[in-house]
Amino acid sequence: MSSINKPEVWLRGPLPGILPVLQPVAHALLQAREELNELMANFKDELLWQRPAGAASAGFHLQHMTGVLDRLFTYANGKMLTEIQLQRLAAEDKNPGKEHNVQYYVQQFNEQVDKSLERIKNIPSGELFETRSVGRAQIPSTVMGLMVHAAEHTMRHLGQLLVTVKIVHANA
């Protein structure tokens, strides 16, 4: 069934095992996954790195959405980014070649959403407002702040991906 025929995730009720205050975060991540999977189902690999009017490519948005979730949840766990995460960040706007196609990026995003939801399920309520440092500058945030930003940033890039895909399809 297409997600068009279902209510949005937030209207389907609470998700089991997730604190009430984190329901909107989980709902947003699940909504993003549904919409992304539907949007990219028939997207052609050869269009992945097109940059209409110089805008970011669909490939960038797919990589970035996955990477942002990984990075923000790393910070929420009180850890610094690894060298591999930093390398992936630096490569988000680069076409790595044909071995990474649309389905690969969709699968990577789906797996990252699953990991993020598992972390959300395991956050003790007493940890939500603990301070966490972000980036090399060690900018202070909280676990809750990082979770909310992960959700809103994912949805922001989903919107940009939607527009990019429509433009690229119209120009194909």
# chains A, B, ... in the order shown; residues from 1 in each chain; ligands from 1

$ residues_around --residues "stretch 164-170 of chain A" --least-positions-apart "5" --cutoff "10 Å" --atoms "only C-alpha atoms" --output "number ranges by chain"
A: 39-40, 43-44, 47-53, 55-58, 61, 158-159

$ residues_around --residues "A:Ala150" --least-positions-apart "6" --cutoff "12 Å" --atoms "only C-alpha atoms" --output "PDB file with N, CA, C and O atoms, in the first residue's frame"
ATOM      1  N   LEU A  22       9.917  11.498  22.990  1.00  0.00           N
ATOM      2  CA  LEU A  22      10.690  11.194  21.778  1.00  0.00           C
ATOM      3  C   LEU A  22       9.828  10.655  20.633  1.00  0.00           C
ATOM      4  O   LEU A  22      10.344  10.381  19.548  1.00  0.00           O
ATOM      5  N   PRO A  24       7.748  12.260  18.631  1.00  0.00           N
ATOM      6  CA  PRO A  24       7.855  13.053  17.405  1.00  0.00           C
ATOM      7  C   PRO A  24       9.153  12.804  16.621  1.00  0.00           C
ATOM      8  O   PRO A  24       9.155  12.843  15.393  1.00  0.00           O
ATOM      9  N   VAL A  25      10.234  12.541  17.320  1.00  0.00           N
ATOM     10  CA  VAL A  25      11.501  12.238  16.649  1.00  0.00           C
ATOM     11  C   VAL A  25      11.370  10.935  15.875  1.00  0.00           C
ATOM     12  O   VAL A  25      11.696  10.862  14.688  1.00  0.00           O
ATOM     13  N   ALA A  26      10.874   9.898  16.530  1.00  0.00           N
ATOM     14  CA  ALA A  26      10.710   8.602  15.873  1.00  0.00           C
ATOM     15  C   ALA A  26       9.705   8.689  14.720  1.00  0.00           C
ATOM     16  O   ALA A  26       9.935   8.129  13.642  1.00  0.00           O
ATOM     17  N   HIS A  27       8.604   9.404  14.943  1.00  0.00           N
ATOM     18  CA  HIS A  27       7.606   9.567  13.879  1.00  0.00           C
ATOM     19  C   HIS A  27       8.230  10.240  12.655  1.00  0.00           C
ATOM     20  O   HIS A  27       7.990   9.826  11.513  1.00  0.00           O
ATOM     21  N   ALA A  28       9.014  11.275  12.869  1.00  0.00           N
ATOM     22  CA  ALA A  28       9.636  11.994  11.750  1.00  0.00           C
ATOM     23  C   ALA A  28      10.601  11.093  10.984  1.00  0.00           C
ATOM     24  O   ALA A  28      10.626  11.113   9.747  1.00  0.00           O
ATOM     25  N   LEU A  29      11.390  10.313  11.693  1.00  0.00           N
ATOM     26  CA  LEU A  29      12.338   9.420  11.013  1.00  0.00           C
ATOM     27  C   LEU A  29      11.604   8.344  10.207  1.00  0.00           C
ATOM     28  O   LEU A  29      11.995   8.038   9.069  1.00  0.00           O
ATOM     29  N   ALA A  32      10.073  10.025   7.152  1.00  0.00           N
ATOM     30  CA  ALA A  32      11.119  10.276   6.153  1.00  0.00           C
ATOM     31  C   ALA A  32      11.459   8.999   5.405  1.00  0.00           C
ATOM     32  O   ALA A  32      11.621   9.004   4.177  1.00  0.00           O
ATOM     33  N   HIS A  64      23.918  12.411   2.695  1.00  0.00           N
ATOM     34  CA  HIS A  64      23.916  13.342   3.815  1.00  0.00           C
ATOM     35  C   HIS A  64      22.888  12.945   4.873  1.00  0.00           C
ATOM     36  O   HIS A  64      23.172  13.003   6.074  1.00  0.00           O
ATOM     37  N   MET A  65      21.704  12.548   4.453  1.00  0.00           N
ATOM     38  CA  MET A  65      20.675  12.161   5.414  1.00  0.00           C
ATOM     39  C   MET A  65      21.143  10.982   6.264  1.00  0.00           C
ATOM     40  O   MET A  65      20.948  10.965   7.486  1.00  0.00           O
ATOM     41  N   THR A  66      21.775  10.026   5.631  1.00  0.00           N
ATOM     42  CA  THR A  66      22.307   8.879   6.363  1.00  0.00           C
ATOM     43  C   THR A  66      23.438   9.316   7.282  1.00  0.00           C
ATOM     44  O   THR A  66      23.480   8.948   8.459  1.00  0.00           O
ATOM     45  N   GLY A  67      24.344  10.121   6.751  1.00  0.00           N
ATOM     46  CA  GLY A  67      25.498  10.566   7.527  1.00  0.00           C
ATOM     47  C   GLY A  67      25.132  11.432   8.712  1.00  0.00           C
ATOM     48  O   GLY A  67      25.715  11.303   9.792  1.00  0.00           O
ATOM     49  N   VAL A  68      24.175  12.314   8.531  1.00  0.00           N
ATOM     50  CA  VAL A  68      23.758  13.195   9.626  1.00  0.00           C
ATOM     51  C   VAL A  68      23.203  12.373  10.782  1.00  0.00           C
ATOM     52  O   VAL A  68      23.537  12.621  11.944  1.00  0.00           O
ATOM     53  N   LEU A  69      22.358  11.403  10.476  1.00  0.00           N
ATOM     54  CA  LEU A  69      21.826  10.556  11.547  1.00  0.00           C
ATOM     55  C   LEU A  69      22.960   9.842  12.281  1.00  0.00           C
ATOM     56  O   LEU A  69      22.991   9.809  13.511  1.00  0.00           O
ATOM     57  N   ASP A  70      23.887   9.296  11.537  1.00  0.00           N
ATOM     58  CA  ASP A  70      25.019   8.608  12.145  1.00  0.00           C
ATOM     59  C   ASP A  70      25.818   9.553  13.045  1.00  0.00           C
ATOM     60  O   ASP A  70      26.127   9.228  14.195  1.00  0.00           O
ATOM     61  N   ARG A  71      26.123  10.734  12.536  1.00  0.00           N
ATOM     62  CA  ARG A  71      26.939  11.677  13.303  1.00  0.00           C
ATOM     63  C   ARG A  71      26.214  12.216  14.534  1.00  0.00           C
ATOM     64  O   ARG A  71      26.782  12.264  15.629  1.00  0.00           O
ATOM     65  N   LEU A  72      24.968  12.620  14.377  1.00  0.00           N
ATOM     66  CA  LEU A  72      24.244  13.192  15.509  1.00  0.00           C
ATOM     67  C   LEU A  72      24.000  12.160  16.611  1.00  0.00           C
ATOM     68  O   LEU A  72      24.084  12.480  17.797  1.00  0.00           O
ATOM     69  N   PHE A  73      23.740  10.922  16.225  1.00  0.00           N
ATOM     70  CA  PHE A  73      23.555   9.882  17.237  1.00  0.00           C
ATOM     71  C   PHE A  73      24.887   9.510  17.889  1.00  0.00           C
ATOM     72  O   PHE A  73      24.917   9.110  19.051  1.00  0.00           O
ATOM     73  N   THR A  74      25.992   9.659  17.168  1.00  0.00           N
ATOM     74  CA  THR A  74      27.309   9.462  17.780  1.00  0.00           C
ATOM     75  C   THR A  74      27.530  10.499  18.873  1.00  0.00           C
ATOM     76  O   THR A  74      27.949  10.163  19.982  1.00  0.00           O
ATOM     77  N   TYR A  75      27.227  11.759  18.557  1.00  0.00           N
ATOM     78  CA  TYR A  75      27.354  12.820  19.572  1.00  0.00           C
ATOM     79  C   TYR A  75      26.397  12.571  20.738  1.00  0.00           C
ATOM     80  O   TYR A  75      26.765  12.765  21.899  1.00  0.00           O
ATOM     81  N   ALA A  76      25.183  12.132  20.446  1.00  0.00           N
ATOM     82  CA  ALA A  76      24.213  11.857  21.516  1.00  0.00           C
ATOM     83  C   ALA A  76      24.714  10.749  22.439  1.00  0.00           C
ATOM     84  O   ALA A  76      24.394  10.731  23.624  1.00  0.00           O
ATOM     85  N   GLN A 112      20.238   3.028   8.662  1.00  0.00           N
ATOM     86  CA  GLN A 112      20.582   4.059   9.643  1.00  0.00           C
ATOM     87  C   GLN A 112      19.356   4.481  10.444  1.00  0.00           C
ATOM     88  O   GLN A 112      19.453   4.722  11.645  1.00  0.00           O
ATOM     89  N   VAL A 113      18.204   4.546   9.806  1.00  0.00           N
ATOM     90  CA  VAL A 113      16.970   4.851  10.539  1.00  0.00           C
ATOM     91  C   VAL A 113      16.708   3.753  11.562  1.00  0.00           C
ATOM     92  O   VAL A 113      16.369   4.042  12.714  1.00  0.00           O
ATOM     93  N   SER A 116      18.994   4.276  14.437  1.00  0.00           N
ATOM     94  CA  SER A 116      18.575   5.460  15.193  1.00  0.00           C
ATOM     95  C   SER A 116      17.365   5.153  16.064  1.00  0.00           C
ATOM     96  O   SER A 116      17.310   5.553  17.229  1.00  0.00           O
ATOM     97  N   LEU A 117      16.398   4.429  15.522  1.00  0.00           N
ATOM     98  CA  LEU A 117      15.211   4.075  16.291  1.00  0.00           C
ATOM     99  C   LEU A 117      15.568   3.156  17.455  1.00  0.00           C
ATOM    100  O   LEU A 117      14.997   3.283  18.548  1.00  0.00           O
ATOM    101  N   ILE A 120      16.925   5.363  20.099  1.00  0.00           N
ATOM    102  CA  ILE A 120      15.839   6.121  20.722  1.00  0.00           C
ATOM    103  C   ILE A 120      15.108   5.251  21.740  1.00  0.00           C
ATOM    104  O   ILE A 120      14.774   5.713  22.829  1.00  0.00           O
ATOM    105  N   VAL A 143      21.234  15.578  24.709  1.00  0.00           N
ATOM    106  CA  VAL A 143      20.779  14.397  23.976  1.00  0.00           C
ATOM    107  C   VAL A 143      19.474  14.734  23.262  1.00  0.00           C
ATOM    108  O   VAL A 143      19.313  14.451  22.076  1.00  0.00           O
ATOM    109  N   MET A 144      18.552  15.372  23.973  1.00  0.00           N
ATOM    110  CA  MET A 144      17.263  15.742  23.379  1.00  0.00           C
ATOM    111  C   MET A 144      17.458  16.688  22.196  1.00  0.00           C
ATOM    112  O   MET A 144      16.833  16.512  21.141  1.00  0.00           O
ATOM    113  N   ARG A 156      14.262  18.168   6.564  1.00  0.00           N
ATOM    114  CA  ARG A 156      14.668  19.289   5.706  1.00  0.00           C
ATOM    115  C   ARG A 156      15.293  18.758   4.414  1.00  0.00           C
ATOM    116  O   ARG A 156      14.960  19.204   3.314  1.00  0.00           O
ATOM    117  N   HIS A 157      16.196  17.802   4.549  1.00  0.00           N
ATOM    118  CA  HIS A 157      16.852  17.266   3.349  1.00  0.00           C
ATOM    119  C   HIS A 157      15.919  16.388   2.534  1.00  0.00           C
ATOM    120  O   HIS A 157      16.059  16.319   1.310  1.00  0.00           O
TER     121      HIS A 157
END

$ select_by_dssp --residues "chain A" --states "strand (DSSP E or B)" --output "mmCIF file with N, CA, C and O atoms, in the first residue's frame"
data_model
loop_
_atom_site.group_PDB
_atom_site.id
_atom_site.type_symbol
_atom_site.label_atom_id
_atom_site.label_comp_id
_atom_site.auth_asym_id
_atom_site.auth_seq_id
_atom_site.Cartn_x
_atom_site.Cartn_y
_atom_site.Cartn_z
ATOM 1 N N THR A 131 24.193 17.086 28.940
ATOM 2 C CA THR A 131 24.974 17.826 27.961
ATOM 3 C C THR A 131 25.806 16.869 27.114
ATOM 4 O O THR A 131 26.373 15.899 27.626
ATOM 5 N N ARG A 132 25.853 17.161 25.837
ATOM 6 C CA ARG A 132 26.705 16.447 24.902
ATOM 7 C C ARG A 132 27.445 17.490 24.082
ATOM 8 O O ARG A 132 26.890 18.535 23.726
ATOM 9 N N SER A 133 28.685 17.191 23.741
ATOM 10 C CA SER A 133 29.510 18.110 22.946
ATOM 11 C C SER A 133 29.436 17.725 21.480
ATOM 12 O O SER A 133 29.460 16.546 21.132
ATOM 13 N N VAL A 134 29.382 18.753 20.637
ATOM 14 C CA VAL A 134 29.228 18.540 19.206
ATOM 15 C C VAL A 134 30.449 19.079 18.476
ATOM 16 O O VAL A 134 30.831 20.239 18.647
ATOM 17 N N ILE A 139 30.850 22.173 20.901
ATOM 18 C CA ILE A 139 29.708 23.040 21.141
ATOM 19 C C ILE A 139 28.692 22.279 21.990
ATOM 20 O O ILE A 139 28.331 21.140 21.665
ATOM 21 N N PRO A 140 28.211 22.873 23.080
ATOM 22 C CA PRO A 140 27.303 22.135 23.961
ATOM 23 C C PRO A 140 25.898 22.012 23.385
ATOM 24 O O PRO A 140 25.359 22.943 22.800
ATOM 25 N N SER A 141 25.346 20.819 23.565
ATOM 26 C CA SER A 141 23.956 20.539 23.226
ATOM 27 C C SER A 141 23.461 19.568 24.289
ATOM 28 O O SER A 141 24.103 19.393 25.322
ATOM 29 N N THR A 142 22.336 18.952 24.038
ATOM 30 C CA THR A 142 21.816 17.911 24.923
ATOM 31 C C THR A 142 21.445 16.709 24.066
ATOM 32 O O THR A 142 21.317 16.822 22.832
#

$ select_by_dssp --residues "stretch 3-162 of chain A" --states "helix (DSSP H, G or I)" --output "number ranges by chain"
A: 3-5, 9-11, 20-40, 45-47, 52-54, 58-76, 83-90, 102-121, 125-127, 143-162

$ closest_residue --among "A:Asn171, A:Thr82, A:Gln63, A:Asn5" --to "A:Asn101" --atoms "only C-alpha atoms"
A:Gln63

$ closest_residue --among "A:Pro16, A:Leu11, A:Leu36, A:Asp45" --to "A:Gln107" --atoms "only C-alpha atoms"
A:Leu36

$ atom_distance --atom1 "atom CA of A:Asp114" --atom2 "atom CA of A:Pro7"
20.8 Å

$ closest_residue --among "A:Leu15, A:Val9, A:Ala41, A:Ala172" --to "A:Val106" --atoms "only C-alpha atoms"
A:Ala41

$ atom_distance --atom1 "atom CA of A:Val163" --atom2 "atom CA of A:Leu62"
13.2 Å

$ atom_distance --atom1 "atom CA of A:Glu8" --atom2 "atom CA of A:Ile123"
24.4 Å
